[in-house]
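Asker: Contents of data09.cif (mmCIF, C-alpha atoms) are below:
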data_structure
#
loop_
_atom_site.group_PDB
_atom_site.id
_atom_site.type_symbol
_atom_site.label_atom_id
_atom_site.label_comp_id
_atom_site.auth_asym_id
_atom_site.auth_seq_id
_atom_site.Cartn_x
_atom_site.Cartn_y
_atom_site.Cartn_z
ATOM 1 C CA MET A 1 0.000 0.000 0.000
ATOM 2 C CA ARG A 2 1.192 3.524 -0.722
ATOM 3 C CA ASP A 3 2.286 5.988 1.947
ATOM 4 C CA LEU A 4 -0.803 7.816 3.084
ATOM 5 C CA PRO A 5 -0.984 11.600 2.741
ATOM 6 C CA ARG A 6 -1.395 13.687 5.885
ATOM 7 C CA ASN A 7 -5.067 14.399 5.156
ATOM 8 C CA ILE A 8 -6.047 10.700 5.369
ATOM 9 C CA ASP A 9 -8.148 10.052 8.440
ATOM 10 C CA ALA A 10 -6.764 7.176 10.532
ATOM 11 C CA ASP A 11 -10.292 6.376 11.764
ATOM 12 C CA VAL A 12 -11.383 5.751 8.170
ATOM 13 C CA VAL A 13 -8.413 3.441 7.532
ATOM 14 C CA ILE A 14 -9.161 1.517 10.736
ATOM 15 C CA GLU A 15 -12.859 1.203 9.851
ATOM 16 C CA ILE A 16 -12.084 -0.029 6.323
ATOM 17 C CA SER A 17 -9.655 -2.551 7.782
ATOM 18 C CA LYS A 18 -12.275 -3.876 10.220
ATOM 19 C CA LEU A 19 -14.932 -4.167 7.515
ATOM 20 C CA LEU A 20 -12.579 -5.936 5.096
ATOM 21 C CA ASP A 21 -11.286 -8.322 7.756
ATOM 22 C CA ASP A 22 -14.868 -9.314 8.656
ATOM 23 C CA ARG A 23 -15.806 -10.178 5.051
ATOM 24 C CA ALA A 24 -15.746 -13.628 3.530
ATOM 25 C CA LYS A 25 -12.737 -13.925 1.240
ATOM 26 C CA SER A 26 -14.799 -15.180 -1.719
ATOM 27 C CA VAL A 27 -17.504 -12.495 -1.633
ATOM 28 C CA PRO A 28 -16.722 -9.391 -3.722
ATOM 29 C CA VAL A 29 -16.286 -6.146 -1.805
ATOM 30 C CA PRO A 30 -18.980 -3.670 -2.962
ATOM 31 C CA VAL A 31 -16.757 -0.590 -3.126
ATOM 32 C CA HIS A 32 -19.433 2.128 -3.357
ATOM 33 C CA LYS A 33 -21.707 0.556 -0.716
ATOM 34 C CA LEU A 34 -18.802 0.060 1.666
ATOM 35 C CA ALA A 35 -17.805 3.723 1.216
ATOM 36 C CA ALA A 36 -21.388 4.757 2.037
ATOM 37 C CA MET A 37 -21.322 2.602 5.189
ATOM 38 C CA ILE A 38 -18.063 4.206 6.266
ATOM 39 C CA ARG A 39 -19.433 7.671 5.547
ATOM 40 C CA LEU A 40 -22.345 6.958 7.918
ATOM 41 C CA GLY A 41 -20.165 5.471 10.660
ATOM 42 C CA VAL A 42 -17.129 7.771 10.687
ATOM 43 C CA GLU A 43 -17.047 11.551 10.600
ATOM 44 C CA THR A 44 -14.398 12.606 8.095
ATOM 45 C CA ARG A 45 -13.549 15.355 5.629
ATOM 46 C CA LEU A 46 -12.475 12.811 2.985
ATOM 47 C CA THR A 47 -14.448 12.739 -0.242
ATOM 48 C CA ASP A 48 -16.363 9.630 -1.270
ATOM 49 C CA HIS A 49 -13.844 9.178 -4.069
ATOM 50 C CA SER A 50 -10.930 9.201 -1.588
ATOM 51 C CA ILE A 51 -12.677 6.662 0.624
ATOM 52 C CA GLU A 52 -13.345 4.435 -2.396
ATOM 53 C CA GLU A 53 -9.674 4.662 -3.434
ATOM 54 C CA LEU A 54 -8.612 3.547 0.040
ATOM 55 C CA ILE A 55 -11.065 0.642 -0.070
ATOM 56 C CA VAL A 56 -9.732 -0.471 -3.466
ATOM 57 C CA GLU A 57 -6.112 -0.275 -2.333
ATOM 58 C CA MET A 58 -6.748 -2.078 0.940
ATOM 59 C CA ALA A 59 -8.894 -4.786 -0.704
ATOM 60 C CA ALA A 60 -6.275 -5.294 -3.427
ATOM 61 C CA THR A 61 -3.548 -5.664 -0.805
ATOM 62 C CA ARG A 62 -5.616 -8.423 0.816
ATOM 63 C CA GLY A 63 -6.299 -10.074 -2.556
ATOM 64 C CA LEU A 64 -10.060 -9.629 -2.200
ATOM 65 C CA PRO A 65 -12.392 -9.566 -5.210
ATOM 66 C CA MET A 66 -14.187 -6.247 -5.700
ATOM 67 C CA LEU A 67 -17.526 -5.154 -7.090
ATOM 68 C CA PHE A 68 -17.452 -1.692 -8.613
ATOM 69 C CA ASP A 69 -21.098 -0.924 -8.006
ATOM 70 C CA LEU A 70 -22.479 2.376 -9.252
ATOM 71 C CA PRO A 71 -24.296 4.792 -6.984
ATOM 72 C CA VAL A 72 -28.016 5.028 -7.626
ATOM 73 C CA VAL A 73 -28.357 7.820 -10.158
ATOM 74 C CA ASP A 74 -31.378 8.627 -12.306
ATOM 75 C CA ASN A 75 -29.375 9.353 -15.455
ATOM 76 C CA VAL A 76 -27.519 6.014 -15.586
ATOM 77 C CA VAL A 77 -28.927 3.429 -17.994
ATOM 78 C CA PRO A 78 -28.085 -0.192 -17.123
ATOM 79 C CA PHE A 79 -26.218 -2.056 -19.862
ATOM 80 C CA ALA A 80 -28.978 -4.644 -20.254
ATOM 81 C CA LEU A 81 -31.545 -1.947 -21.021
ATOM 82 C CA ALA A 82 -29.220 -0.104 -23.376
ATOM 83 C CA ARG A 83 -28.665 -3.260 -25.439
ATOM 84 C CA ARG A 84 -32.369 -4.040 -25.783
ATOM 85 C CA SER A 85 -33.158 -0.651 -27.304
ATOM 86 C CA ARG A 86 -31.019 -1.248 -30.420
#
Produce structure tokens that represent the structure in this file.
Answerer:
Amino acid sequence: MRDLPRNIDADVVIEISKLLDDRAKSVPVPVHKLAAMIRLGVETRLTDHSIEELIVEMAATRGLPMLFDLPVVDNVVPFALARRSR
């Protein structure tokens, strides 16, 4: 893992570590959902993107599979629907 910048919140790193250690090794880590859980549980000035980057780096270090789930947004069309409209 890279050296963390000074603005990284140690509480966030600890919380990510706990959540990753408690997961089954074969179940993909839902990156966006995990970031949302951390946002609710830990008060931090980090952006969601920064939290997601930390999750990806820490999960990769542990060799965990990841799920890059998208946030729920009204203007995102799922791939399955986009293919049907052709």
Asker: Given the PyMOL selection byres ((chain A and resi 46) around 12) and the file above, list the residues it selects as a ChimeraX atom specification.
Answerer: /A:5-13,35,38-39,42-45,47-54
Asker: For the residues selected in the previous step, produce a file with C-alpha atoms as a short mmCIF file (atom, residue, chain, number, x, y, z; two decimals), keeping the file's coordinate frame.
Answerer:
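Output contents, as saved in out.cif:
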data_model
loop_
_atom_site.label_atom_id
_atom_site.label_comp_id
_atom_site.auth_asym_id
_atom_site.auth_seq_id
_atom_site.Cartn_x
_atom_site.Cartn_y
_atom_site.Cartn_z
CA PRO A 5 -0.98 11.60 2.74
CA ARG A 6 -1.40 13.69 5.88
CA ASN A 7 -5.07 14.40 5.16
CA ILE A 8 -6.05 10.70 5.37
CA ASP A 9 -8.15 10.05 8.44
CA ALA A 10 -6.76 7.18 10.53
CA ASP A 11 -10.29 6.38 11.76
CA VAL A 12 -11.38 5.75 8.17
CA VAL A 13 -8.41 3.44 7.53
CA ALA A 35 -17.80 3.72 1.22
CA ILE A 38 -18.06 4.21 6.27
CA ARG A 39 -19.43 7.67 5.55
CA VAL A 42 -17.13 7.77 10.69
CA GLU A 43 -17.05 11.55 10.60
CA THR A 44 -14.40 12.61 8.10
CA ARG A 45 -13.55 15.36 5.63
CA THR A 47 -14.45 12.74 -0.24
CA ASP A 48 -16.36 9.63 -1.27
CA HIS A 49 -13.84 9.18 -4.07
CA SER A 50 -10.93 9.20 -1.59
CA ILE A 51 -12.68 6.66 0.62
CA GLU A 52 -13.34 4.43 -2.40
CA GLU A 53 -9.67 4.66 -3.43
CA LEU A 54 -8.61 3.55 0.04
#
Asker: Between atom CA of A:Thr61 and atom CA of A:Lys18, measure the distance and give it in Å to one decimal.
Answerer: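 Result for atom CA of A:Thr61 versus atom CA of A:Lys18: 14.2 Å, one decimal.
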Asker: For the file shown, what are the residues hit by the PyMOL selection byres ((chain A and resi 64) around 12), laid out as number ranges by chain?
Answerer: A: 20-31, 55-63, 65-67
Asker: Enclose the full set of atoms of stretch 10-15 of chain A listed in the file within a box whose edges lie along x, y and z, apply 4 Å of padding to each of the six sides, and report centre and edge lengths in Å to one decimal as lines of an AutoDock Vina configuration file.
Answerer:
center_x = -9.8
center_y = 4.2
center_z = 9.6
size_x = 14.1
size_y = 14.0
size_z = 12.2
